[in-house]
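Source file data_19.txt; content: compact mmCIF, C-alpha atoms.
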# COMPACT_ATOMS: atom_id res chain seq x y z
CA MET A 1 -86.15 -107.34 -65.71
CA ASN A 2 -83.10 -109.43 -66.47
CA GLU A 3 -82.95 -113.12 -65.64
CA SER A 4 -80.58 -112.83 -62.68
CA LEU A 5 -82.82 -110.30 -60.93
CA GLU A 6 -85.88 -112.39 -61.68
CA SER A 7 -84.29 -115.49 -60.25
CA LEU A 8 -83.30 -113.57 -57.12
CA ASN A 9 -86.88 -112.49 -56.56
CA ARG A 10 -88.42 -115.92 -57.00
CA PRO A 11 -89.00 -118.06 -53.91
CA ILE A 12 -86.49 -120.90 -53.79
CA ASP A 13 -88.65 -123.98 -53.82
CA VAL A 14 -87.22 -127.44 -54.16
CA PRO A 15 -89.10 -129.71 -56.58
CA GLN A 16 -90.66 -132.97 -55.41
CA LEU A 17 -87.92 -135.54 -54.86
CA THR A 18 -87.93 -138.60 -57.11
CA PRO A 19 -87.70 -142.05 -55.46
CA GLU A 20 -84.01 -142.20 -56.44
CA GLN A 21 -83.31 -138.75 -55.02
CA ILE A 22 -84.85 -139.42 -51.62
CA GLN A 23 -83.19 -142.85 -51.39
CA ALA A 24 -79.85 -141.16 -52.07
CA ARG A 25 -80.48 -138.92 -49.05
CA VAL A 26 -80.73 -141.82 -46.57
CA LEU A 27 -77.90 -141.40 -44.04
CA HIS A 28 -78.82 -144.30 -41.73
CA ARG A 29 -81.17 -147.27 -41.99
CA ASP A 30 -81.97 -150.07 -39.56
CA GLY A 31 -85.06 -152.10 -38.67
CA LEU A 32 -86.54 -149.33 -36.52
CA MET A 33 -85.74 -146.04 -38.18
CA LEU A 34 -84.24 -144.07 -41.02
CA VAL A 35 -82.29 -140.84 -40.80
CA ILE A 36 -82.45 -138.78 -43.97
CA ASP A 37 -80.67 -135.62 -45.07
CA LYS A 38 -83.53 -133.17 -45.60
CA PRO A 39 -82.90 -130.62 -48.36
CA ALA A 40 -83.37 -126.94 -47.50
CA GLY A 41 -86.45 -125.37 -49.06
CA LEU A 42 -88.69 -128.45 -48.94
CA PRO A 43 -91.44 -128.58 -46.28
CA VAL A 44 -91.83 -131.87 -44.42
CA HIS A 45 -95.66 -131.80 -44.65
CA ARG A 46 -98.03 -131.03 -47.49
CA GLY A 47 -99.25 -127.44 -47.05
CA PRO A 48 -102.86 -126.26 -47.43
CA LYS A 49 -102.08 -125.24 -51.01
CA GLY A 50 -100.40 -128.55 -51.83
CA GLY A 51 -97.05 -128.44 -53.57
CA PRO A 52 -93.87 -130.49 -53.15
CA ASN A 53 -93.17 -131.90 -49.69
CA LEU A 54 -90.97 -134.54 -48.13
CA GLU A 55 -93.73 -136.88 -46.96
CA ALA A 56 -94.98 -137.36 -50.52
CA SER A 57 -91.75 -139.27 -51.28
CA PHE A 58 -91.82 -141.59 -48.26
CA ASP A 59 -93.34 -144.49 -50.18
CA ALA A 60 -89.92 -144.93 -51.81
CA LEU A 61 -88.43 -145.48 -48.32
CA ARG A 62 -90.36 -148.62 -47.33
CA PHE A 63 -87.39 -150.88 -48.16
CA GLY A 64 -89.57 -154.01 -48.03
CA LEU A 65 -91.90 -152.98 -45.17
CA PRO A 66 -95.67 -152.87 -45.77
CA ARG A 67 -96.00 -149.16 -44.89
CA PRO A 68 -93.93 -146.06 -45.58
CA PRO A 69 -92.02 -144.55 -42.63
CA VAL A 70 -93.43 -141.58 -40.70
CA LEU A 71 -91.86 -138.44 -39.28
CA ALA A 72 -90.59 -138.74 -35.70
CA HIS A 73 -90.09 -134.94 -35.47
CA ARG A 74 -90.01 -131.89 -37.75
CA LEU A 75 -87.53 -129.49 -39.28
CA ASP A 76 -88.48 -126.07 -40.67
CA LYS A 77 -88.92 -125.86 -44.43
CA ASP A 78 -85.67 -123.89 -44.79
CA THR A 79 -83.57 -126.01 -42.41
CA SER A 80 -81.52 -128.86 -43.87
CA GLY A 81 -79.98 -131.98 -42.39
CA CYS A 82 -80.71 -134.94 -40.11
CA LEU A 83 -84.38 -135.90 -39.94
CA ILE A 84 -85.54 -139.10 -38.18
CA LEU A 85 -88.33 -141.32 -39.50
CA GLY A 86 -89.90 -144.26 -37.67
CA ARG A 87 -90.26 -147.38 -39.82
CA HIS A 88 -93.27 -148.88 -37.98
CA ARG A 89 -95.73 -147.86 -35.28
CA LYS A 90 -93.86 -149.26 -32.30
CA ALA A 91 -90.58 -147.67 -33.38
CA THR A 92 -92.28 -144.31 -34.00
CA ALA A 93 -93.84 -144.43 -30.51
CA SER A 94 -90.41 -145.18 -28.96
CA LEU A 95 -88.82 -142.30 -30.85
CA GLY A 96 -91.65 -140.00 -29.74
CA LEU A 97 -90.91 -140.83 -26.10
CA LEU A 98 -87.17 -140.25 -26.58
CA PHE A 99 -87.90 -136.80 -28.03
CA LYS A 100 -90.45 -136.01 -25.31
CA HIS A 101 -87.97 -136.81 -22.54
CA GLY A 102 -85.05 -134.99 -24.18
CA LYS A 103 -82.99 -138.14 -24.73
CA ILE A 104 -82.10 -137.40 -28.38
CA SER A 105 -79.03 -135.18 -28.75
CA LYS A 106 -79.11 -132.66 -31.60
CA THR A 107 -76.34 -130.43 -32.89
CA TYR A 108 -77.08 -127.78 -35.49
CA TRP A 109 -74.59 -125.72 -37.44
CA ALA A 110 -75.48 -122.10 -38.04
CA ILE A 111 -73.72 -119.14 -39.60
CA VAL A 112 -74.70 -115.96 -37.77
CA GLU A 113 -74.15 -112.28 -38.50
CA GLY A 114 -71.63 -110.77 -36.10
CA GLY A 115 -71.47 -113.25 -33.25
CA PRO A 116 -70.95 -113.63 -29.51
CA ALA A 117 -67.94 -112.19 -27.73
CA GLN A 118 -67.40 -115.41 -25.76
CA ASP A 119 -66.56 -118.83 -27.21
CA GLU A 120 -69.41 -120.77 -25.63
CA GLY A 121 -72.46 -120.26 -23.50
CA THR A 122 -76.12 -120.97 -22.85
CA ILE A 123 -79.20 -119.01 -23.85
CA ASP A 124 -82.10 -119.43 -21.43
CA MET A 125 -85.03 -117.39 -22.74
CA PRO A 126 -88.66 -118.52 -22.66
CA LEU A 127 -90.57 -118.33 -25.93
CA GLY A 128 -94.22 -117.74 -26.76
CA ARG A 129 -96.26 -117.27 -29.91
CA LEU A 130 -95.86 -113.90 -31.60
CA ASN A 131 -99.61 -113.62 -32.24
CA ALA A 132 -102.55 -115.72 -33.42
CA GLU A 133 -102.29 -114.55 -37.04
CA ARG A 134 -98.68 -115.64 -37.43
CA GLY A 135 -99.23 -119.24 -36.40
CA TRP A 136 -95.78 -120.69 -35.75
CA TRP A 137 -93.87 -117.42 -35.36
CA GLN A 138 -92.35 -117.00 -31.92
CA LYS A 139 -90.99 -114.24 -29.67
CA VAL A 140 -89.08 -114.04 -26.41
CA ASP A 141 -91.82 -114.04 -23.77
CA PRO A 142 -91.22 -114.11 -19.99
CA GLU A 143 -94.61 -115.85 -19.66
CA GLY A 144 -93.80 -118.36 -22.43
CA GLN A 145 -92.43 -121.91 -22.39
CA GLN A 146 -88.91 -122.55 -21.13
CA ALA A 147 -86.37 -122.63 -23.98
CA ILE A 148 -82.67 -123.40 -23.52
CA THR A 149 -79.92 -123.51 -26.16
CA ASN A 150 -76.24 -124.33 -25.61
CA TRP A 151 -73.86 -122.80 -28.15
CA LYS A 152 -70.20 -123.01 -29.03
CA VAL A 153 -68.11 -121.02 -31.53
CA MET A 154 -66.58 -123.26 -34.21
CA GLY A 155 -64.95 -120.47 -36.24
CA ARG A 156 -65.13 -116.81 -37.27
CA GLY A 157 -64.45 -114.81 -40.43
CA ASN A 158 -65.75 -111.97 -42.65
CA GLY A 159 -67.92 -110.57 -39.86
CA LEU A 160 -69.65 -113.93 -39.46
CA THR A 161 -69.50 -116.68 -36.84
CA TRP A 162 -69.96 -120.42 -37.31
CA LEU A 163 -71.78 -121.84 -34.30
CA ALA A 164 -72.67 -125.32 -33.07
CA LEU A 165 -76.08 -124.99 -31.42
CA GLU A 166 -77.54 -127.64 -29.13
CA PRO A 167 -81.20 -127.16 -28.26
CA VAL A 168 -81.89 -128.56 -24.78
CA THR A 169 -85.61 -127.92 -25.32
CA GLY A 170 -87.41 -128.31 -28.64
CA ARG A 171 -89.50 -125.17 -29.14
CA THR A 172 -90.62 -124.05 -32.59
CA HIS A 173 -88.03 -121.74 -34.24
CA GLN A 174 -86.06 -121.84 -30.97
CA LEU A 175 -82.57 -121.52 -32.49
CA ARG A 176 -83.65 -118.77 -34.87
CA VAL A 177 -85.34 -116.66 -32.17
CA HIS A 178 -82.57 -117.22 -29.61
CA SER A 179 -79.83 -116.22 -32.06
CA ALA A 180 -81.69 -113.11 -33.20
CA ALA A 181 -82.48 -112.10 -29.60
CA GLN A 182 -78.75 -112.23 -28.78
CA GLY A 183 -78.06 -109.74 -31.59
CA TRP A 184 -76.53 -112.32 -33.94
CA PRO A 185 -79.31 -113.49 -36.27
CA ILE A 186 -78.78 -116.51 -38.50
CA VAL A 187 -77.71 -115.58 -42.03
CA GLY A 188 -80.66 -115.74 -44.43
CA ASP A 189 -83.35 -115.79 -41.71
CA ASN A 190 -86.23 -113.93 -43.33
CA ILE A 191 -88.47 -114.03 -40.24
CA TYR A 192 -86.24 -113.13 -37.29
CA GLY A 193 -83.13 -111.86 -39.05
CA ASN A 194 -82.19 -109.79 -42.09
CA GLY A 195 -82.70 -112.43 -44.80
CA PRO A 196 -84.51 -111.43 -48.00
CA ARG A 197 -88.04 -112.68 -48.54
CA PHE A 198 -86.95 -114.48 -51.69
CA GLY A 199 -83.62 -115.50 -53.17
CA GLU A 200 -80.17 -115.62 -51.64
CA PRO A 201 -78.89 -115.91 -49.01
CA ARG A 202 -80.98 -118.82 -47.84
CA LEU A 203 -81.27 -119.76 -44.18
CA HIS A 204 -77.87 -120.95 -42.89
CA LEU A 205 -79.16 -123.49 -40.36
CA HIS A 206 -78.34 -127.19 -40.68
CA SER A 207 -79.16 -130.19 -38.50
CA ARG A 208 -75.59 -131.49 -38.43
CA GLU A 209 -75.61 -134.41 -36.01
CA ILE A 210 -78.13 -136.46 -34.10
CA GLY A 211 -77.63 -139.07 -31.35
CA ILE A 212 -80.46 -141.56 -30.82
CA PRO A 213 -80.39 -144.06 -27.91
CA ILE A 214 -82.92 -146.33 -29.62
CA SER A 215 -81.64 -149.64 -28.17
CA LYS A 216 -81.27 -150.02 -24.41
CA ASN A 217 -78.10 -152.11 -24.47
CA LYS A 218 -76.29 -150.32 -27.28
CA GLU A 219 -74.51 -147.02 -27.72
CA PRO A 220 -76.69 -144.27 -29.26
CA VAL A 221 -76.87 -144.28 -33.06
CA ARG A 222 -74.93 -141.19 -34.23
CA VAL A 223 -75.63 -139.74 -37.65
CA VAL A 224 -73.95 -136.76 -39.35
CA ALA A 225 -75.29 -134.86 -42.37
CA PRO A 226 -72.95 -132.99 -44.76
CA PRO A 227 -73.62 -129.25 -44.89
CA PRO A 228 -75.72 -128.11 -47.86
CA GLU A 229 -74.16 -126.40 -50.86
CA HIS A 230 -75.57 -122.95 -50.00
CA MET A 231 -73.77 -122.88 -46.61
CA ARG A 232 -70.34 -124.02 -47.75
CA GLU A 233 -68.88 -120.73 -48.90
CA ARG A 234 -69.61 -118.98 -45.58
CA LEU A 235 -68.54 -122.04 -43.58
CA ARG A 236 -65.18 -121.96 -45.37
CA ALA A 237 -64.86 -118.23 -44.63
CA CYS A 238 -65.20 -119.17 -40.93
CA GLY A 239 -62.52 -121.87 -41.13
CA TRP A 240 -64.46 -125.03 -42.02
CA ASN A 241 -62.07 -127.56 -43.58
CA GLY A 242 -64.66 -129.31 -45.73
CA GLU A 243 -65.40 -132.27 -43.48

Can you turn what I pasted into C-alpha cells?
Amino acid sequence: MNESLESLNRPIDVPQLTPEQIQARVLHRDGLMLVIDKPAGLPVHRGPKGGPNLEASFDALRFGLPRPPVLAHRLDKDTSGCLILGRHRKATASLGLLFKHGKISKTYWAIVEGGPAQDEGTIDMPLGRLNAERGWWQKVDPEGQQAITNWKVMGRGNGLTWLALEPVTGRTHQLRVHSAAQGWPIVGDNIYGNGPRFGEPRLHLHSREIGIPISKNKEPVRVVAPPPEHMRERLRACGWNGE
C-alpha cells in the first residue's frame, strides 16, 4: 500500500500538546477563566486506554495560580474551537451555573452537505441515547430530552452550505444529530453523516464564538476562535473571506 493510502486510513490523532503549544492556544485569560482554542482530533479527557488529551496539558495553564484550571464544559474530540476553563473552584462553580441556566451564548460554524432551502430557522427535535452499547451516540427520540438549535446560512458553494449554529440546549452531539436529521449532515461526520472512519475529510464543526456573562456589572466576555486549517478550503468555497 502506498504512503498516501496508508495515511488516509490511519486515524487522525493529534499528539499531546507541549506547554508552549497549549499556551499559544489561549484566546482569553482573566482572573476567573481561560478560553482556549481546542484542536480538532484531541479528546478533552483521558480515555480508558490513555493517550493524548487536553487535560494532561493544563498544568502549563496555571499562570501563577496554585492549581491548574479545570474544564467548565466539553467539546467532542473532533470539534475544534472555543473551550472554557475555570481557573479556581469558585469560578468553575459560577461557570457551571451559567451553563446550566443557558446564559452562555455559543455559535458554531459547520459545513454541511447540501443544505437547507431557507436562510435561517430553528430545529426543535428531542434527542435520546441510541442504545446502551453506544454510550454517547444519540438519535431523534420523541420521548427524549428537549433539544433546540437555531441556524443561519452564512454562505453556499460546491453543493455545500456554511452554517452558523446556535444550540439553545446543550445535548450531547446535538448539532451533529440535528443537521443529519434535516438531511444535511456535517461534512466529515463519521457517526451521523457520510464521513470516513479514518482520514479526510475530518469533522467540519467549529466552536466559533462564545459569550460569557461572568461579571454581573460588565458586558459578557466575547471570544472568537479562528477556523481550523482543515475547514478553510470548504469555507472559502462557501464565500468565507478569511476573517

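The protein and nucleic acid residues lying at most 7 Å from Trp109 (chain A) are A:Thr107, A:Ile111, A:Leu163, A:Ala164, A:Leu165, A:Leu205, A:His206, A:Ser207, A:Arg208, with only C-alpha atoms considered and sequence neighbours fewer than 2 positions away removed.
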
Find the residues near Leu83 (chain A): any atom within 10 Å, counting all atoms listed in the file, skip ones fewer than 6 places away on the same chain, and give them as a ChimeraX atom specification. /A:26-27,34-38,44,71-75,207-210,223,225

Residue nearest Pro226 (chain A) among A:Asp13, A:Glu243, A:Ile22, A:Ala56 (counting all atoms listed in the file):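 Ranking A:Asp13, A:Glu243, A:Ile22, A:Ala56 by distance to Pro226 (chain A), first place goes to A:Glu243.
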
Tell me which protein, DNA and RNA residues are within 9 Å of Ile123 (chain A), counting all atoms listed in the file, leaving out same-chain ones fewer than 3 positions away, and put them as an mmCIF file with C-alpha atoms, in the coordinates of the input.
data_model
loop_
_atom_site.group_PDB
_atom_site.id
_atom_site.type_symbol
_atom_site.label_atom_id
_atom_site.label_comp_id
_atom_site.auth_asym_id
_atom_site.auth_seq_id
_atom_site.Cartn_x
_atom_site.Cartn_y
_atom_site.Cartn_z
ATOM 1 C CA ALA A 147 -86.370 -122.630 -23.980
ATOM 2 C CA ILE A 148 -82.670 -123.400 -23.520
ATOM 3 C CA THR A 149 -79.920 -123.510 -26.160
ATOM 4 C CA ASN A 150 -76.240 -124.330 -25.610
ATOM 5 C CA TRP A 151 -73.860 -122.800 -28.150
ATOM 6 C CA HIS A 178 -82.570 -117.220 -29.610
ATOM 7 C CA SER A 179 -79.830 -116.220 -32.060
ATOM 8 C CA GLN A 182 -78.750 -112.230 -28.780
#

Have a look at CA of Pro15 (chain A) and CA of Pro185 (chain A) and let me know their distance in Å, one decimal. 27.8 Å

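When all atoms listed in the file are used to compute distances to Pro116 (chain A), the closest of the residues A:His45, A:His173, A:Lys152, A:Arg232 turns out to be A:Lys152.
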
Compute the distance from (-75.5, -111.6, -36.4) to each atom, counting all atoms listed in the file, keep the residues with any atom at most 8 Å away, and return them as a list in words; use the coordinates of the file.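 Those residues, ordered by chain and then number, are Val112, Glu113, Gly114, Gly115, Leu160, Thr161, Ser179, Ala180, Gly183, Trp184, Pro185, Ile186 and Val187 of chain A.
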
Write the residues you've just listed into a file as a PDB file, in the frame of the given file, and include C-alpha atoms for each of them.
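Written file, selection-v2.pdb:
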ATOM      1  CA  VAL A 112     -74.700-115.960 -37.770  1.00  0.00           C
ATOM      2  CA  GLU A 113     -74.150-112.280 -38.500  1.00  0.00           C
ATOM      3  CA  GLY A 114     -71.630-110.770 -36.100  1.00  0.00           C
ATOM      4  CA  GLY A 115     -71.470-113.250 -33.250  1.00  0.00           C
ATOM      5  CA  LEU A 160     -69.650-113.930 -39.460  1.00  0.00           C
ATOM      6  CA  THR A 161     -69.500-116.680 -36.840  1.00  0.00           C
ATOM      7  CA  SER A 179     -79.830-116.220 -32.060  1.00  0.00           C
ATOM      8  CA  ALA A 180     -81.690-113.110 -33.200  1.00  0.00           C
ATOM      9  CA  GLY A 183     -78.060-109.740 -31.590  1.00  0.00           C
ATOM     10  CA  TRP A 184     -76.530-112.320 -33.940  1.00  0.00           C
ATOM     11  CA  PRO A 185     -79.310-113.490 -36.270  1.00  0.00           C
ATOM     12  CA  ILE A 186     -78.780-116.510 -38.500  1.00  0.00           C
ATOM     13  CA  VAL A 187     -77.710-115.580 -42.030  1.00  0.00           C
TER      14      VAL A 187
END

At what distance in Å, to one decimal, does CA of Leu235 (chain A) lie from CA of Glu20 (chain A)? 28.5 Å

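Using all atoms listed in the file, the shortest contact distance between Gln118 (chain A) and any of A:Pro167, A:Pro69, A:Pro227, A:Gly155 is found at A:Gly155.
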
Report the distance between CA of Ile84 (chain A) and CA of Arg176 (chain A) in Å, rounded to one decimal place.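 Answer for the CA of Ile84 (chain A) to CA of Arg176 (chain A) separation: 20.7 Å.
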
Using all atoms listed in the file, the shortest atom-to-atom distance to Leu54 (chain A) among A:Leu42, A:Ala237, A:Ile191, A:Leu95 belongs to A:Leu42

So that I can see what lies close to Gly31 (chain A), please list as an mmCIF file with C-alpha atoms, keeping the file's coordinate frame the residues with an atom at most 9 Å from it, counting only C-alpha atoms and leaving out residues fewer than 2 positions away in the same chain.
data_model
loop_
_atom_site.group_PDB
_atom_site.id
_atom_site.type_symbol
_atom_site.label_atom_id
_atom_site.label_comp_id
_atom_site.auth_asym_id
_atom_site.auth_seq_id
_atom_site.Cartn_x
_atom_site.Cartn_y
_atom_site.Cartn_z
ATOM 1 C CA ARG A 29 -81.170 -147.270 -41.990
ATOM 2 C CA MET A 33 -85.740 -146.040 -38.180
ATOM 3 C CA LEU A 34 -84.240 -144.070 -41.020
ATOM 4 C CA ARG A 87 -90.260 -147.380 -39.820
ATOM 5 C CA HIS A 88 -93.270 -148.880 -37.980
ATOM 6 C CA ALA A 91 -90.580 -147.670 -33.380
#

Polymer residues at most 12 Å from (-95.1, -116.8, -37.7) by only C-alpha atoms, as a PyMOL selection string: chain A and resi 76+128-139+172-173+176-177+190-192

Put the listed atoms of region 74-86 of chain A in a box along x, y and z with 8 Å added on every side and give me the centre and edge lengths in Å to one decimal, as JSON.
{"center_x": -85.0, "center_y": -134.1, "center_z": -41.2, "size_x": 26.0, "size_y": 36.4, "size_z": 23.1}

At a cut-off of 8 Å, using all atoms listed in the file, what residues contact Leu61 (chain A)? Leave out same-chain residues fewer than 3 positions from it and give the result as a list of chain:residue names. A:Pro19, A:Ile22, A:Gln23, A:Ser57, A:Phe58, A:Pro68, A:Pro69

Export of the given selection (C-alpha atoms) as a compact mmCIF listing (two decimals), in the frame of the given file:
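File produced: result_5.txt:
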# COMPACT_ATOMS: atom_id res chain seq x y z
CA PRO A 19 -87.70 -142.05 -55.46
CA ILE A 22 -84.85 -139.42 -51.62
CA GLN A 23 -83.19 -142.85 -51.39
CA SER A 57 -91.75 -139.27 -51.28
CA PHE A 58 -91.82 -141.59 -48.26
CA PRO A 68 -93.93 -146.06 -45.58
CA PRO A 69 -92.02 -144.55 -42.63

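Each of A:Asp78, A:Asp124, A:Lys103, A:Val224 was checked against Asp189 (chain A) using only C-alpha atoms; the smallest atom-to-atom distance is that of A:Asp78.
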
Closest of A:Ile104, A:Leu97, A:Leu65, A:Leu17 to Gly211 (chain A), counting only C-alpha atoms, is A:Ile104
